[in-house]
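Read through the structure below, which is laid out as structure tokens, and then see the notes.
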Amino acid sequence: MRLRPLHVCLVGPDGAGKTTLATKLSDELTTRGLMVRALQPRPSWFHTVKPSTFDYHDPHAEAPRGFLASIFQVLFKLPFFILRTVECCLSRDGVHIEERGWLDQAVDHRRYRLSERVVPLVRCLRSAAGRPKLTVVLTGDPSHIASRKQELTTQEVERQLAEWDRHFSQLGHAHALRIDTTQMTELDSLTTIADHVEQFELRSPVTKRRLRSA
């Protein structure tokens with residue numbers, strides 16, 4: 001019987017702990033007996049077409065593209081997200097883990113060198129790009145998060161957190177989980193997310209049908 005996977009996306013500003021928690025979450029869920037796959041944020045051939053000069057220590061160093069170039073950049077990425085969503089839907093049951101996701105382009109458009117004028121377009125295309133079944137919003141004290149990597153100012157971290165909080169309120173508690181990584185330990189954060197994923201799996205209609213047929 002083919003079952004739908006659970007698409008989990010970890011979001012938040014730089015320094016919130018996305019990469020660390022995504023890696024350890026994969027290991028934790030595998031230990032719990034779940035099939036886990038890490039979703040790539042861009043096509044594997046992306047950097048072979050155009051070598052990256054991105055400075056991870058200063059993600060806002062380069063000036064944004066113009067309006068038309070920004071539109072092209074967004075539309076260039078969209079087919080990859082659509083195909084990846086289709087692939088996820090056709091795959092067997094398991095947990096697919098992603099960092100940042102489509103909406104990160106709207107919240108942190110400077111990182112992607114996008115004009116602020118295309119942010120509404122990114123939001124409008126969210127459904128077409130594929131919505132995660134569970135979004136984990138990593139939040140916390142802005143000054144604490146900014147001090148971890150010192151890539152963004154406290155004001156920029158605060159702005160991004162406010163944007164993610166707005167998206168969180170729109171998702172509803174059934175499809176979103178907020179984790180304060182400045183108040184919770186890494187182990188507690190990891191355990192909370194892993195437990196929530198397992199509970200989410202048990203609540204899903206597909207999983208319930210599987211349990212009834214077992």
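Chains: A, B, ... in order of the structure tokens. Residues: from 1 per chain. Ligands: from 1, in order shown.
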
Within 8 Å of range 31-42 of chain A, which residues of range 76-181 of chain A show up? Give each one with its shortest atom-to-atom distance in Å (one decimal) and the two atoms involved, counting only C-alpha atoms, rows by chain then rising residue number, as a tab-separated table.
```
residue	atom	partner	partner_atom	distance
A:Lys77	CA	A:Arg42	CA	7.6
A:Phe80	CA	A:Arg42	CA	7.2
A:Asp93	CA	A:Met35	CA	7.4
A:Gly94	CA	A:Met35	CA	4.6
A:Val95	CA	A:Val36	CA	4.8
A:His96	CA	A:Arg37	CA	4.8
A:Ile97	CA	A:Ala38	CA	4.9
A:Glu98	CA	A:Leu39	CA	5.1
A:Glu99	CA	A:Pro41	CA	7.2
A:Arg100	CA	A:Pro41	CA	7.8
A:Gly101	CA	A:Pro41	CA	7.0
```

Tell me which protein, DNA and RNA residues are within 9 Å of range 116-126 of chain A, counting only C-alpha atoms, leaving out same-chain ones fewer than 2 positions away, and put them as a PDB file with N, CA and C atoms, in the first residue's frame.
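What follows is the written file around_17.pdb:
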```
ATOM      1  N   PRO A  64      20.581  43.604  -4.099  1.00  0.00           N
ATOM      2  CA  PRO A  64      19.486  42.853  -4.730  1.00  0.00           C
ATOM      3  C   PRO A  64      19.472  43.036  -6.242  1.00  0.00           C
ATOM      4  N   PHE A  67      14.030  44.374 -10.504  1.00  0.00           N
ATOM      5  CA  PHE A  67      12.688  43.802 -10.395  1.00  0.00           C
ATOM      6  C   PHE A  67      12.476  42.648 -11.378  1.00  0.00           C
ATOM      7  N   LEU A  68      12.782  42.849 -12.661  1.00  0.00           N
ATOM      8  CA  LEU A  68      12.560  41.805 -13.665  1.00  0.00           C
ATOM      9  C   LEU A  68      13.486  40.611 -13.440  1.00  0.00           C
ATOM     10  N   SER A  70      14.646  39.656 -10.604  1.00  0.00           N
ATOM     11  CA  SER A  70      14.153  38.965  -9.414  1.00  0.00           C
ATOM     12  C   SER A  70      12.967  38.066  -9.755  1.00  0.00           C
ATOM     13  N   ILE A  71      12.078  38.557 -10.625  1.00  0.00           N
ATOM     14  CA  ILE A  71      10.945  37.734 -11.067  1.00  0.00           C
ATOM     15  C   ILE A  71      11.453  36.477 -11.774  1.00  0.00           C
ATOM     16  N   VAL A  74      12.788  33.913  -9.263  1.00  0.00           N
ATOM     17  CA  VAL A  74      11.724  33.199  -8.554  1.00  0.00           C
ATOM     18  C   VAL A  74      11.094  32.149  -9.459  1.00  0.00           C
ATOM     19  N   LEU A  78      10.807  27.833  -9.292  1.00  0.00           N
ATOM     20  CA  LEU A  78       9.496  27.242  -9.069  1.00  0.00           C
ATOM     21  C   LEU A  78       9.351  25.829  -9.627  1.00  0.00           C
ATOM     22  N   TRP A 102      10.275  27.297   0.667  1.00  0.00           N
ATOM     23  CA  TRP A 102       9.955  28.304  -0.340  1.00  0.00           C
ATOM     24  C   TRP A 102       9.801  29.698   0.260  1.00  0.00           C
ATOM     25  N   LEU A 103       9.105  29.792   1.401  1.00  0.00           N
ATOM     26  CA  LEU A 103       8.787  31.102   1.968  1.00  0.00           C
ATOM     27  C   LEU A 103       9.998  31.855   2.508  1.00  0.00           C
ATOM     28  N   GLN A 105      12.371  32.848   0.894  1.00  0.00           N
ATOM     29  CA  GLN A 105      12.651  33.900  -0.080  1.00  0.00           C
ATOM     30  C   GLN A 105      11.856  35.168   0.201  1.00  0.00           C
ATOM     31  N   ALA A 106      10.681  35.005   0.816  1.00  0.00           N
ATOM     32  CA  ALA A 106       9.851  36.168   1.151  1.00  0.00           C
ATOM     33  C   ALA A 106      10.305  36.817   2.452  1.00  0.00           C
ATOM     34  N   VAL A 107      10.683  35.981   3.423  1.00  0.00           N
ATOM     35  CA  VAL A 107      11.079  36.508   4.727  1.00  0.00           C
ATOM     36  C   VAL A 107      12.483  37.116   4.674  1.00  0.00           C
ATOM     37  N   HIS A 109      14.455  38.003   1.779  1.00  0.00           N
ATOM     38  CA  HIS A 109      14.654  38.196   0.347  1.00  0.00           C
ATOM     39  C   HIS A 109      16.043  38.721   0.006  1.00  0.00           C
ATOM     40  N   ARG A 110      16.687  39.428   0.938  1.00  0.00           N
ATOM     41  CA  ARG A 110      18.034  39.948   0.672  1.00  0.00           C
ATOM     42  C   ARG A 110      19.052  38.815   0.505  1.00  0.00           C
ATOM     43  N   LEU A 114      16.849  39.185  -3.959  1.00  0.00           N
ATOM     44  CA  LEU A 114      15.576  39.473  -4.596  1.00  0.00           C
ATOM     45  C   LEU A 114      15.121  40.883  -4.254  1.00  0.00           C
ATOM     46  N   ALA A 128       1.651  26.616  -5.130  1.00  0.00           N
ATOM     47  CA  ALA A 128       2.189  25.916  -6.295  1.00  0.00           C
ATOM     48  C   ALA A 128       3.526  25.261  -5.977  1.00  0.00           C
ATOM     49  N   ALA A 129       4.333  25.915  -5.133  1.00  0.00           N
ATOM     50  CA  ALA A 129       5.652  25.383  -4.783  1.00  0.00           C
ATOM     51  C   ALA A 129       5.563  24.196  -3.837  1.00  0.00           C
ATOM     52  N   GLY A 130       4.406  24.019  -3.179  1.00  0.00           N
ATOM     53  CA  GLY A 130       4.241  22.899  -2.255  1.00  0.00           C
ATOM     54  C   GLY A 130       4.317  23.334  -0.809  1.00  0.00           C
ATOM     55  N   ARG A 131       3.245  23.063  -0.070  1.00  0.00           N
ATOM     56  CA  ARG A 131       3.211  23.440   1.348  1.00  0.00           C
ATOM     57  C   ARG A 131       3.632  22.267   2.220  1.00  0.00           C
TER      58      ARG A 131
END
```

Picked from range 29-164 of chain A by DSSP as alpha helix (DSSP H), as number ranges by chain: A: 29-31, 46-49, 67-90, 104-107, 119-124, 126-129, 142-149, 154-164

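From CA of Thr20 in chain A back to CA of Ser169 in chain A, the distance works out to 24.9 Å.
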
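Considering the residues A:Leu171, A:Ile82, A:Ala146, A:Cys89 and counting only C-alpha atoms, Gly15 in chain A has its shortest atom-to-atom contact with A:Ala146.
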
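Across range 73-177 of chain A, DSSP run on the backbone finds strand (DSSP E) at Val95, His96, Ile97, Glu98, Glu99, Leu134, Thr135, Val136, Val137, Leu138, Thr139, Ala176 and Leu177 of chain A.
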
Would you export the selected residues with C-alpha atoms as a PDB file, in the first residue's frame, please?
```pdb
ATOM      1  CA  VAL A  95       9.491  11.870   6.823  1.00  0.00           C
ATOM      2  CA  HIS A  96      10.966  14.365   4.377  1.00  0.00           C
ATOM      3  CA  ILE A  97      12.970  17.084   6.163  1.00  0.00           C
ATOM      4  CA  GLU A  98      13.703  20.464   4.623  1.00  0.00           C
ATOM      5  CA  GLU A  99      15.451  23.633   5.789  1.00  0.00           C
ATOM      6  CA  LEU A 134       4.400  20.492   9.324  1.00  0.00           C
ATOM      7  CA  THR A 135       6.348  23.753   9.673  1.00  0.00           C
ATOM      8  CA  VAL A 136       8.701  24.070  12.655  1.00  0.00           C
ATOM      9  CA  VAL A 137       9.353  27.750  13.417  1.00  0.00           C
ATOM     10  CA  LEU A 138      12.604  28.208  15.355  1.00  0.00           C
ATOM     11  CA  THR A 139      12.376  31.389  17.383  1.00  0.00           C
ATOM     12  CA  ALA A 176       2.937  24.404  12.833  1.00  0.00           C
ATOM     13  CA  LEU A 177       5.167  24.075  15.866  1.00  0.00           C
TER      14      LEU A 177
END
```

Tell me which protein, DNA and RNA residues are within 8 Å of range 189-203 of chain A, counting only C-alpha atoms, leaving out same-chain ones fewer than 6 positions away, and put them as a list in words. Leu6, Leu21, Lys24, Leu25, Glu28, Leu29, Val136, Leu177, Ile179, Asp180 and Thr181 of chain A

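Taking CA of Leu83 in chain A as the reference point, CA of Arg178 in chain A is found at 28.1 Å.
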
Best match for closeness to Arg111 in chain A among A:Thr30, A:Thr23, A:Thr182, A:Gln160, counting only C-alpha atoms: A:Gln160

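Residue nearest Pro13 in chain A, chosen from A:His60, A:Arg159, A:Arg166, A:His175 and counting only C-alpha atoms: A:Arg159.
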